[in-house]
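Working notes, beginning with the structure itself.
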Amino acid sequence: MLDRFGLDGRVAIVTGASSGLGASVARALAAAGARVAVVARRKDRLARLAEEIDGFPVACDLVDLDGLGAAVESVAGELGHSEILVNAAGSMFTEERAEAEPLEAMRRTMELNLLAPFRLAQGVFPHMLKAGRGSIVNISSISGRVGIPGIPQASYAASKAALSGLTAELAVQWARHSIRVNTVAPGFFRSEITAPLYDNERSREYLRRNTPLPVQGSAEDVVGAVLWLAGDAGSYVTGQTIVVDGGWTAR
Ligand SMILES: NC(=O)c1ccc[n+]([C@@H]2O[C@H](COP(=O)([O-])OP(=O)(O)OC[C@H]3O[C@@H](n4cnc5c(N)ncnc54)[C@H](OP(=O)(O)O)[C@@H]3O)[C@@H](O)[C@H]2O)c1
C-alpha cells in the first residue's frame, strides 16, 4: 500500500513554493520521488529550495496570467510532461470589513487565488493528456466554507469557495482523461501570512480556543492530504474538497 504514495519520476509543479505550505509540499513530493518545479516570485528562495530537492526553479508573478503558459512550457522543456499541479500560492490583500472593502482588493484576490490556478490547470491539461493521467490539487481554506468571526476576509473567502466549485467542474470534465482535480482546505497553521496572528497572545488564544485538537497547526499537518491526493493512493478521489483543520469546522 505504501508504494501507492510513491511518485517516482513524475513531474510536479508546485506554486507558492518559496515559503509555507508550498515549500513543504515541494519537499514532500520530491521525497516521494517526483521531479518538482517550484514556482513563486522570490528567486533566491526558489534557487535554494531547487538545489535542496534537485528541482527546477520558475520565478514568476502568478498574476501575470498571460505569462503562465510559458512558465508551464518551460517546465515541460526541462523536466517533461507535468502529471501533478499543486496550486498553493495564495494571499489576502485587505483586512477591511466587507462594507469598506475596495473592489480592487476583490479583483487582485481573484486573480491570484482563482484565475492563476485556473490558467495553470489549462496550461498543464495537454501535458496530462500526453502523460495519460494527472492530479491537480488546489489549496483553498476553511474560509471558503465558513465565516471567520473577527478576521474580515470577504474577497479571500469568495476566492477560496470558488476554487471548490472550479474543482468539482474540472473533475467532471476531465475525469474521462484520468485527470483528477481536488482541493485541500486547511484551517489555521503558522506561516508568513498568519505569523502576526500567532505572535499576538490574544489572537493565538482565539485560534487555540476554536481548534478542537490540542495542537498548533503547521504546514506539515496539511502536506499528508496533498501527498495522498497527488499520487495513486488517491486514485479514486476526484472533485472533492478535503478539510484539514484540527476540527475547526466540526464544531
Ligand atoms: N496559513 C494558514 O493558516 C492558511 C490557512 C488556510 C489556507 N491557507 C492557504 O495556504 C496556501 C499557502 O499559504 P501559506 O500560509 O503557506 O502562506 P505563505 O507562506 O505566505 O505562502 C504564500 C506563497 O504564495 C506565493 N505568492 C504570493 N503571491 C504571489 C504571486 N503574485 N506570484 C507568485 N507567487 C506568489 C509566495 O511567494 P513569493 O512571495 O515568493 O511570490 C509564497 O510562496 C495559500 O493558498 C493560503 O491561502 C493558509
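Just remember, in the C-alpha cells the first chain shown is A, the second B, etc., residues are 1-based per chain, and ligands are 1-based in the order shown.
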If you run DSSP on the backbone here, which positions in region 35-82 of chain A get alpha helix (DSSP H)? Please write them as a PyMOL selection string. chain A and resi 43-53+68-79
Contact check, region 23-64 of chain A to region 206-228 of chain A, at most 8 Å, counting only C-alpha atoms, closest pairs as a Markdown table:
```
| residue | atom | partner | partner_atom | distance |
| --- | --- | --- | --- | --- |
| A:Ser24 | CA | A:Ala219 | CA | 6.6 |
| A:Val25 | CA | A:Val223 | CA | 5.7 |
| A:Ala28 | CA | A:Leu227 | CA | 7.2 |
| A:Leu29 | CA | A:Leu227 | CA | 6.7 |
```
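Distances to ligand 1 were evaluated for A:Val11, A:Met92, A:Ile136, A:Ala34 using only C-alpha atoms and all ligand atoms, and the minimum falls at A:Met92.
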9 Å shell around ligand 1 using only C-alpha atoms and all ligand atoms, listed as an NGL selection string: :A and (15-24 or 39-46 or 59-64 or 87-92 or 111-113 or 116 or 138-143 or 156 or 160 or 184-195 or 217-219 or 245)
Can you write just those residues out, C-alpha atoms, as a PDB file, in the first residue's frame?
```pdb
ATOM      1  CA  THR A  15       3.200  27.174  -6.750  1.00  0.00           C
ATOM      2  CA  GLY A  16       3.829  29.209  -3.620  1.00  0.00           C
ATOM      3  CA  ALA A  17       6.943  27.117  -3.080  1.00  0.00           C
ATOM      4  CA  SER A  18       9.129  29.921  -1.719  1.00  0.00           C
ATOM      5  CA  SER A  19       7.596  29.586   1.762  1.00  0.00           C
ATOM      6  CA  GLY A  20       4.981  27.970   3.982  1.00  0.00           C
ATOM      7  CA  LEU A  21       2.788  25.172   2.709  1.00  0.00           C
ATOM      8  CA  GLY A  22       4.060  25.294  -0.888  1.00  0.00           C
ATOM      9  CA  ALA A  23       7.668  24.754   0.232  1.00  0.00           C
ATOM     10  CA  SER A  24       6.609  21.854   2.489  1.00  0.00           C
ATOM     11  CA  VAL A  39       7.078  28.484  -8.606  1.00  0.00           C
ATOM     12  CA  ALA A  40       6.889  31.861  -6.809  1.00  0.00           C
ATOM     13  CA  ARG A  41       8.370  35.366  -7.122  1.00  0.00           C
ATOM     14  CA  ARG A  42      11.356  35.248  -4.713  1.00  0.00           C
ATOM     15  CA  LYS A  43      14.179  33.887  -6.850  1.00  0.00           C
ATOM     16  CA  ASP A  44      16.751  33.411  -4.080  1.00  0.00           C
ATOM     17  CA  ARG A  45      14.442  31.198  -2.025  1.00  0.00           C
ATOM     18  CA  LEU A  46      13.411  29.184  -5.078  1.00  0.00           C
ATOM     19  CA  ALA A  59      10.382  32.612 -10.863  1.00  0.00           C
ATOM     20  CA  CYS A  60       7.238  34.373 -11.983  1.00  0.00           C
ATOM     21  CA  ASP A  61       4.423  36.571 -10.803  1.00  0.00           C
ATOM     22  CA  LEU A  62       1.282  34.472 -10.965  1.00  0.00           C
ATOM     23  CA  VAL A  63      -0.951  37.463 -11.557  1.00  0.00           C
ATOM     24  CA  ASP A  64       0.805  37.918 -14.889  1.00  0.00           C
ATOM     25  CA  ASN A  87      -1.762  25.418  -6.616  1.00  0.00           C
ATOM     26  CA  ALA A  88      -0.576  26.505  -3.163  1.00  0.00           C
ATOM     27  CA  ALA A  89       0.173  30.203  -3.808  1.00  0.00           C
ATOM     28  CA  GLY A  90      -2.448  32.458  -2.305  1.00  0.00           C
ATOM     29  CA  SER A  91      -2.850  35.592  -0.297  1.00  0.00           C
ATOM     30  CA  MET A  92      -5.115  38.239   1.161  1.00  0.00           C
ATOM     31  CA  GLU A 111      -6.507  36.964  -9.912  1.00  0.00           C
ATOM     32  CA  LEU A 112      -4.038  35.282  -7.573  1.00  0.00           C
ATOM     33  CA  ASN A 113      -6.270  32.789  -5.744  1.00  0.00           C
ATOM     34  CA  ALA A 116      -3.925  31.779 -11.739  1.00  0.00           C
ATOM     35  CA  ASN A 138      -5.810  23.299  -5.235  1.00  0.00           C
ATOM     36  CA  ILE A 139      -5.217  24.808  -1.821  1.00  0.00           C
ATOM     37  CA  SER A 140      -8.288  26.540  -0.514  1.00  0.00           C
ATOM     38  CA  SER A 141      -9.155  27.386   3.092  1.00  0.00           C
ATOM     39  CA  ILE A 142     -11.838  26.790   5.692  1.00  0.00           C
ATOM     40  CA  SER A 143     -12.701  30.431   4.916  1.00  0.00           C
ATOM     41  CA  TYR A 156     -10.385  35.786   0.246  1.00  0.00           C
ATOM     42  CA  LYS A 160     -11.407  30.053  -1.900  1.00  0.00           C
ATOM     43  CA  VAL A 184      -7.437  20.749   0.241  1.00  0.00           C
ATOM     44  CA  ALA A 185      -8.959  23.308   2.604  1.00  0.00           C
ATOM     45  CA  PRO A 186      -6.663  23.922   5.566  1.00  0.00           C
ATOM     46  CA  GLY A 187      -7.581  25.506   8.839  1.00  0.00           C
ATOM     47  CA  PHE A 188      -5.145  27.877  10.505  1.00  0.00           C
ATOM     48  CA  PHE A 189      -1.447  27.000  10.562  1.00  0.00           C
ATOM     49  CA  ARG A 190       1.621  29.138  11.180  1.00  0.00           C
ATOM     50  CA  SER A 191       3.205  30.697   8.072  1.00  0.00           C
ATOM     51  CA  GLU A 192       4.315  34.104   6.800  1.00  0.00           C
ATOM     52  CA  ILE A 193       0.728  35.284   6.314  1.00  0.00           C
ATOM     53  CA  THR A 194      -0.501  34.084   9.699  1.00  0.00           C
ATOM     54  CA  ALA A 195       2.621  34.894  11.765  1.00  0.00           C
ATOM     55  CA  GLY A 217      -1.306  23.586  13.160  1.00  0.00           C
ATOM     56  CA  SER A 218       1.745  23.593  10.924  1.00  0.00           C
ATOM     57  CA  ALA A 219       2.225  23.226   7.177  1.00  0.00           C
ATOM     58  CA  ASP A 245      -8.400  21.942  10.150  1.00  0.00           C
TER      59      ASP A 245
END
```
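The protein and nucleic acid residues lying at most 9 Å from Ala230 (chain A) are A:Phe5, A:Leu7, A:Leu29, A:Glu83, A:Ile84, A:Leu85, A:Val86, A:Gly134, A:Ser135, A:Ile136, A:Val137, A:Arg180, A:Ala225, A:Val226, A:Leu227, A:Ala233, A:Gly234, A:Ser235, with only C-alpha atoms considered and sequence neighbours fewer than 3 positions away removed.
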Serialized selection, N, CA and C atoms, as a compact mmCIF listing (two decimals), in the first residue's frame:
```
# COMPACT_ATOMS: atom_id res chain seq x y z
N PHE A 5 1.82 5.68 -2.43
CA PHE A 5 2.14 7.08 -2.10
C PHE A 5 3.40 7.55 -2.85
N LEU A 7 5.89 8.63 -5.92
CA LEU A 7 5.68 9.46 -7.12
C LEU A 7 6.88 9.36 -8.06
N LEU A 29 6.80 16.06 -2.05
CA LEU A 29 6.65 15.42 -3.36
C LEU A 29 8.01 14.93 -3.86
N GLU A 83 2.53 15.87 -14.50
CA GLU A 83 1.42 14.99 -14.12
C GLU A 83 0.77 15.46 -12.83
N ILE A 84 1.44 16.39 -12.13
CA ILE A 84 0.92 16.88 -10.85
C ILE A 84 1.02 18.40 -10.85
N LEU A 85 -0.05 19.06 -10.43
CA LEU A 85 -0.02 20.52 -10.23
C LEU A 85 -0.61 20.80 -8.85
N VAL A 86 0.17 21.46 -8.01
CA VAL A 86 -0.36 21.88 -6.70
C VAL A 86 -0.38 23.40 -6.68
N GLY A 134 -3.26 12.58 -14.58
CA GLY A 134 -2.85 13.81 -13.92
C GLY A 134 -3.59 13.99 -12.61
N SER A 135 -2.99 14.78 -11.74
CA SER A 135 -3.65 15.13 -10.48
C SER A 135 -3.40 16.60 -10.18
N ILE A 136 -4.48 17.33 -10.04
CA ILE A 136 -4.39 18.76 -9.68
C ILE A 136 -4.92 18.90 -8.26
N VAL A 137 -4.14 19.56 -7.42
CA VAL A 137 -4.58 19.79 -6.03
C VAL A 137 -4.55 21.30 -5.79
N ARG A 180 -7.48 13.86 -12.28
CA ARG A 180 -8.25 14.11 -11.06
C ARG A 180 -8.00 15.54 -10.58
N ALA A 225 -2.34 15.26 3.24
CA ALA A 225 -3.54 15.21 2.39
C ALA A 225 -3.16 15.49 0.93
N VAL A 226 -2.21 16.41 0.74
CA VAL A 226 -1.79 16.75 -0.62
C VAL A 226 -1.06 15.57 -1.26
N LEU A 227 -0.19 14.93 -0.49
CA LEU A 227 0.56 13.78 -0.99
C LEU A 227 -0.39 12.64 -1.37
N ALA A 233 -2.38 6.69 -4.34
CA ALA A 233 -3.14 6.40 -3.11
C ALA A 233 -4.50 7.10 -3.16
N GLY A 234 -4.58 8.20 -3.91
CA GLY A 234 -5.85 8.93 -4.02
C GLY A 234 -6.55 8.70 -5.35
N SER A 235 -6.25 7.56 -5.99
CA SER A 235 -6.66 7.38 -7.40
C SER A 235 -8.19 7.33 -7.62
```
With distances taken over only C-alpha atoms, which of A:Ala105, A:Met128, A:Ile13, A:Ala121 is nearest to Leu79 (chain A)? A:Ile13
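For Tyr236 (chain A), the list of residues within 12 Å, based on only C-alpha atoms and with local chain neighbours fewer than 4 positions off taken out, reads Ser135, Ala171, Ala175, Ser178, Ile179, Arg180, Val181, Asn182, Trp228, Leu229, Ala230, Gly231, Asp232 and Gln240 of chain A.
Of the residues under consideration (A:Ala47, A:Met106, A:Ala98, A:Leu170), A:Ala98 shows the shortest atom-to-atom contact distance to Gly150 (chain A) when counting only C-alpha atoms.
Near Ala158 (chain A), within 10 Å and counting only C-alpha atoms, sit Met106, Thr109, Met110, Asn113, Leu114, Ser143, Gly144, Arg145, Gln153 and Leu163 of chain A, not including residues fewer than 5 positions from it in the same chain.
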Output C-alpha atoms for every residue in that selection, as an mmCIF file, in the first residue's frame.
```cif
data_model
loop_
_atom_site.group_PDB
_atom_site.id
_atom_site.type_symbol
_atom_site.label_atom_id
_atom_site.label_comp_id
_atom_site.auth_asym_id
_atom_site.auth_seq_id
_atom_site.Cartn_x
_atom_site.Cartn_y
_atom_site.Cartn_z
ATOM 1 C CA MET A 106 -11.532 41.622 -4.691
ATOM 2 C CA THR A 109 -7.514 38.346 -4.756
ATOM 3 C CA MET A 110 -9.440 36.626 -7.524
ATOM 4 C CA ASN A 113 -6.270 32.789 -5.744
ATOM 5 C CA LEU A 114 -8.610 31.728 -8.545
ATOM 6 C CA SER A 143 -12.701 30.431 4.916
ATOM 7 C CA GLY A 144 -14.250 29.097 1.701
ATOM 8 C CA ARG A 145 -16.683 27.104 3.869
ATOM 9 C CA GLN A 153 -11.795 38.398 4.622
ATOM 10 C CA LEU A 163 -11.860 27.110 -6.082
#
```
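Distance-wise, CA of Arg48 (chain A) and CA of Glu73 (chain A) end up 22.1 Å apart.
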Determine which residues of region 60-227 of chain A receive a DSSP assignment of strand (DSSP E), computed from the backbone, and state them as JSON, numbers by chain. {"A": [82, 83, 84, 85, 86, 87, 134, 135, 136, 137, 138, 139, 179, 180, 181, 182, 183, 184, 185, 186]}
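Here CA of Ala30 (chain A) stands at a distance of 11.6 Å from CA of Glu51 (chain A).
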